[in-house]
Structures are given as structure tokens and as C-alpha cells.
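Shown here: input-v1.cif, mmCIF, C-alpha atoms.
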```cif
data_work
#
loop_
_atom_site.group_PDB
_atom_site.id
_atom_site.type_symbol
_atom_site.label_atom_id
_atom_site.label_comp_id
_atom_site.auth_asym_id
_atom_site.auth_seq_id
_atom_site.Cartn_x
_atom_site.Cartn_y
_atom_site.Cartn_z
ATOM 1 C CA MET A 87 -4.992 16.625 7.491
ATOM 2 C CA ASP A 88 -2.776 16.247 4.463
ATOM 3 C CA GLU A 89 -0.028 18.204 6.185
ATOM 4 C CA GLN A 90 3.589 17.276 5.802
ATOM 5 C CA ASP A 91 4.844 15.277 8.748
ATOM 6 C CA THR A 92 8.482 14.460 9.343
ATOM 7 C CA GLY A 93 7.660 11.455 11.563
ATOM 8 C CA PRO A 94 7.215 7.894 10.343
ATOM 9 C CA VAL A 95 4.003 6.939 8.592
ATOM 10 C CA VAL A 96 2.437 3.837 7.141
ATOM 11 C CA ILE A 97 0.692 4.203 3.811
ATOM 12 C CA GLY A 98 -2.008 1.553 3.639
ATOM 13 C CA MET A 99 -2.954 0.678 0.087
ATOM 14 C CA ASP A 100 -5.968 -1.127 -1.327
ATOM 15 C CA PRO A 101 -4.848 -1.968 -4.880
ATOM 16 C CA HIS A 102 -7.001 -2.730 -7.894
ATOM 17 C CA LYS A 103 -6.142 -3.107 -11.576
ATOM 18 C CA ARG A 104 -6.907 0.489 -12.549
ATOM 19 C CA THR A 105 -6.932 2.366 -9.234
ATOM 20 C CA VAL A 106 -5.406 2.332 -5.773
ATOM 21 C CA THR A 107 -6.781 3.884 -2.608
ATOM 22 C CA ILE A 108 -4.319 4.911 0.089
ATOM 23 C CA GLU A 109 -4.535 6.112 3.663
ATOM 24 C CA VAL A 110 -1.561 7.636 5.461
ATOM 25 C CA MET A 111 -1.390 6.876 9.184
ATOM 26 C CA THR A 112 1.028 7.770 11.985
ATOM 27 C CA PRO A 113 2.183 5.244 14.612
ATOM 28 C CA THR A 114 -0.452 6.773 16.943
ATOM 29 C CA GLU A 115 -3.120 5.868 14.350
ATOM 30 C CA GLN A 116 -3.777 9.464 13.369
ATOM 31 C CA ILE A 117 -4.915 9.704 9.752
ATOM 32 C CA VAL A 118 -2.839 12.389 8.054
ATOM 33 C CA GLY A 119 -3.632 11.732 4.417
ATOM 34 C CA HIS A 120 -5.870 9.903 1.999
ATOM 35 C CA GLY A 121 -6.228 9.590 -1.748
ATOM 36 C CA ARG A 122 -7.341 7.614 -4.751
ATOM 37 C CA PHE A 123 -5.097 7.358 -7.782
ATOM 38 C CA THR A 124 -5.158 5.642 -11.127
ATOM 39 C CA THR A 125 -2.446 3.102 -11.883
ATOM 40 C CA ASP A 126 -1.465 4.615 -15.220
ATOM 41 C CA GLU A 127 1.770 6.583 -15.407
ATOM 42 C CA ASP A 128 0.174 9.932 -14.515
ATOM 43 C CA GLY A 129 -1.739 8.509 -11.548
ATOM 44 C CA PHE A 130 1.288 6.617 -10.245
ATOM 45 C CA THR A 131 3.418 9.765 -10.483
ATOM 46 C CA ALA A 132 0.744 11.799 -8.685
ATOM 47 C CA MET A 133 0.603 9.174 -5.907
ATOM 48 C CA LEU A 134 4.377 9.272 -5.469
ATOM 49 C CA GLU A 135 4.415 13.064 -5.360
ATOM 50 C CA TYR A 136 1.694 12.935 -2.716
ATOM 51 C CA ALA A 137 3.609 10.331 -0.667
ATOM 52 C CA TRP A 138 6.865 12.303 -0.797
ATOM 53 C CA ARG A 139 5.353 14.659 1.815
ATOM 54 C CA TRP A 140 6.300 11.987 4.348
ATOM 55 C CA PRO A 141 9.977 11.093 3.905
ATOM 56 C CA ASP A 142 9.880 8.328 6.554
ATOM 57 C CA ARG A 143 7.222 6.090 5.012
ATOM 58 C CA THR A 144 6.458 2.417 4.689
ATOM 59 C CA TRP A 145 3.912 1.128 2.209
ATOM 60 C CA ALA A 146 1.575 -1.565 3.593
ATOM 61 C CA ILE A 147 -0.023 -3.206 0.577
ATOM 62 C CA GLU A 148 -2.571 -5.980 0.497
ATOM 63 C CA GLY A 149 -1.808 -8.780 -1.942
ATOM 64 C CA CYS A 150 1.793 -8.018 -2.916
ATOM 65 C CA GLU A 151 1.982 -11.356 -4.734
ATOM 66 C CA GLY A 152 -1.473 -10.958 -6.280
ATOM 67 C CA ILE A 153 -3.519 -7.901 -7.214
ATOM 68 C CA GLY A 154 -0.920 -5.536 -5.724
ATOM 69 C CA ARG A 155 2.030 -6.991 -7.632
ATOM 70 C CA HIS A 156 1.877 -4.412 -10.449
ATOM 71 C CA VAL A 157 2.177 -1.506 -7.993
ATOM 72 C CA VAL A 158 4.850 -3.195 -5.847
ATOM 73 C CA ALA A 159 6.930 -3.856 -8.968
ATOM 74 C CA ARG A 160 7.010 -0.099 -9.605
ATOM 75 C CA LEU A 161 7.677 0.958 -5.995
ATOM 76 C CA LEU A 162 10.560 -1.386 -5.172
ATOM 77 C CA PRO A 163 13.023 -0.192 -7.854
ATOM 78 C CA LEU A 164 12.514 3.333 -6.466
ATOM 79 C CA GLY A 165 13.819 2.172 -3.081
ATOM 80 C CA GLU A 166 10.441 2.323 -1.342
ATOM 81 C CA GLN A 167 9.887 0.167 1.763
ATOM 82 C CA VAL A 168 6.976 -2.215 1.245
ATOM 83 C CA VAL A 169 5.380 -4.768 3.561
ATOM 84 C CA ASP A 170 2.834 -7.355 2.494
ATOM 85 C CA VAL A 171 -0.485 -7.331 4.350
ATOM 86 C CA PRO A 172 -2.289 -10.673 4.094
ATOM 87 C CA ALA A 173 -5.932 -10.310 3.040
ATOM 88 C CA LYS A 174 -7.103 -12.298 6.080
ATOM 89 C CA LEU A 175 -5.471 -9.827 8.464
ATOM 90 C CA SER A 176 -6.969 -6.777 6.794
ATOM 91 C CA ALA A 177 -10.402 -8.453 6.706
ATOM 92 C CA ARG A 178 -10.232 -9.143 10.441
ATOM 93 C CA MET A 179 -9.059 -5.609 11.121
ATOM 94 C CA ARG A 180 -11.909 -4.203 9.022
ATOM 95 C CA ILE A 181 -14.464 -6.071 11.135
ATOM 96 C CA PHE A 182 -12.858 -4.926 14.405
ATOM 97 C CA ALA A 183 -12.377 -1.329 13.252
ATOM 98 C CA THR A 184 -15.807 -0.806 11.712
ATOM 99 C CA GLY A 185 -17.993 -3.297 13.564
ATOM 100 C CA GLN A 186 -19.105 -4.844 10.292
ATOM 101 C CA GLY A 187 -17.490 -6.512 7.313
ATOM 102 C CA ARG A 188 -18.700 -4.181 4.568
ATOM 103 C CA LYS A 189 -15.994 -3.624 1.986
ATOM 104 C CA THR A 190 -15.280 -0.292 0.373
ATOM 105 C CA ASP A 191 -11.985 0.961 -0.985
ATOM 106 C CA ASP A 192 -11.776 3.519 1.831
ATOM 107 C CA THR A 193 -12.439 1.018 4.635
ATOM 108 C CA ASP A 194 -10.007 -1.434 3.058
ATOM 109 C CA ALA A 195 -7.223 1.180 2.868
ATOM 110 C CA HIS A 196 -7.944 2.126 6.496
ATOM 111 C CA SER A 197 -7.830 -1.508 7.625
ATOM 112 C CA ILE A 198 -4.591 -2.141 5.740
ATOM 113 C CA ALA A 199 -2.988 0.942 7.290
ATOM 114 C CA LEU A 200 -4.096 -0.226 10.751
ATOM 115 C CA VAL A 201 -2.505 -3.628 10.165
ATOM 116 C CA GLY A 202 0.677 -1.907 9.000
ATOM 117 C CA VAL A 203 0.785 0.212 12.164
ATOM 118 C CA ARG A 204 -0.305 -2.412 14.702
ATOM 119 C CA MET A 205 1.234 -5.657 13.468
ATOM 120 C CA GLY A 206 4.922 -6.360 13.816
ATOM 121 C CA GLY A 207 6.581 -9.023 11.733
ATOM 122 C CA LEU A 208 4.861 -8.326 8.411
ATOM 123 C CA ARG A 209 6.865 -9.679 5.494
ATOM 124 C CA SER A 210 9.052 -7.070 3.848
ATOM 125 C CA VAL A 211 8.948 -7.243 0.081
ATOM 126 C CA VAL A 212 12.331 -7.036 -1.609
ATOM 127 C CA HIS A 213 13.360 -6.276 -5.167
ATOM 128 C CA ASP A 214 15.079 -9.346 -6.596
ATOM 129 C CA GLU A 215 15.715 -9.059 -10.321
ATOM 130 C CA GLN A 216 16.868 -12.667 -10.717
ATOM 131 C CA LEU A 217 13.736 -13.956 -9.011
ATOM 132 C CA GLU A 218 11.595 -11.792 -11.278
ATOM 133 C CA VAL A 219 13.324 -13.167 -14.382
ATOM 134 C CA LEU A 220 12.749 -16.728 -13.167
ATOM 135 C CA ARG A 221 9.095 -15.901 -12.435
ATOM 136 C CA LEU A 222 8.646 -14.585 -15.994
ATOM 137 C CA LEU A 223 10.225 -17.734 -17.445
ATOM 138 C CA VAL A 224 8.008 -19.989 -15.347
ATOM 139 C CA ASP A 225 4.918 -18.020 -16.362
ATOM 140 C CA ARG A 226 5.845 -18.566 -20.004
#
```
What is this structure when it is put down as C-alpha cells?
Amino acid sequence: MDEQDTGPVVIGMDPHKRTVTIEVMTPTEQIVGHGRFTTDEDGFTAMLEYAWRWPDRTWAIEGCEGIGRHVVARLLPLGEQVVDVPAKLSARMRIFATGQGRKTDDTDAHSIALVGVRMGGLRSVVHDEQLEVLRLLVDR
């Protein structure tokens, strides 16, 4: 595992406030990487350095408009490709993939990566500075 692969990969991410768990999966559903990182500057940098092993990567992140927003906001300006995985889809995938609904960070990251690999038509998240400014004004 954890070997550099020049083919496309999906990096499934289960985000939390202080940590993220990722699983790196090929289109043939082979797991080629896994990790847990903090969301502070050092942890985020370490996660990026780990992900750079796979130049052709797409991040599949659960809750891009919710709990994952803080990570997405840091990935998009770097030119990273991000798709939003709805929580309902990853929950269904977790049940099908594991045979039970037990949640752990590892099973969630696995389920999110599976959704990213198997499901076409996931919403791509784009970096829109004007929209972000409007969002900040509305939140105020």
C-alpha cells in the first residue's frame, strides 16, 4: 500500500472539526493509501504532502457545505478537484460495504471513497470568491 500511483485515485474524506480521516482508492476499488490528519496547519500540510503522491486525484468529501466546509475552503484555492458526497449516500454505502451501520472514522472514509469511485454525477465543488463574500455577509 501507500505506494505512488500515476493513475487516477479518489481520496475519500471523513471530516471532523479537529481531524480528518482519508482513504485513497483506485477506480478498481483497490485501497492504496490511508491516513488520519489534524486540521491545523501542520496536519493539513502533512495531508497535502501525502496526497501529492497521486497527481491525478479527486477529493470526495462528505458534507462540503457543512462539517467539511473548512477543509474544502482550503483545498479549492490550491486547485484541487473536490466532489461533495451526500451523507445519505455514504451511509447507504457503509451498510452495503460492511453489512452493518456501525460508524467509525475508518469505515466512513472507506464508504465515502466508494461513493466517489462508484457514483457518477456527484456535485463538483467550485471556488467562487464572490459567493463566499456574500455568504459571509449573510452570516453576519
Just so the selection is clear, what residues does the PyMOL selection byres ((chain A and resi 167) around 10) cover here, as a count of residues only?
17
Fewer than 3 positions away in the same chain doesn't count, so skip those; otherwise give me all residues within 9 Å of stretch 115-132 of chain A, counting only C-alpha atoms, as a PyMOL selection string.
chain A and resi 87-91+95+97+101-112+135-137+156-157+160+191-192+195-196+199-200+203-204
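If only C-alpha atoms are the atoms counted, then among A:Pro113, A:Pro172, A:Pro163, A:Gly93 the closest residue to A:Glu151 is A:Pro172.
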So, with all atoms listed in the file as the atoms that count, which of A:Thr193, A:Val171, A:Glu148, A:Leu223 lies closest to A:Met205?
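Comparing A:Thr193, A:Val171, A:Glu148, A:Leu223 against A:Met205, the winner is A:Val171.
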Work out how far atom CA of A:Arg209 is from atom CA of A:Ile147, in Å to one decimal.
10.7 Å
To one decimal place, how far is atom CA of A:Gly202 from atom CA of A:Pro94 in Å?
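Value for the atom CA of A:Gly202-atom CA of A:Pro94 distance: 11.9 Å.
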Point-to-point distance from atom CA of A:Pro141 to atom CA of A:Met179, Å rounded to tenths:
26.3 Å
Tell me which of A:Gly207, A:Arg178, A:Gly154, A:Leu134 sits closest to A:Met99, counting only C-alpha atoms.
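Nearest to A:Met99: A:Gly154.
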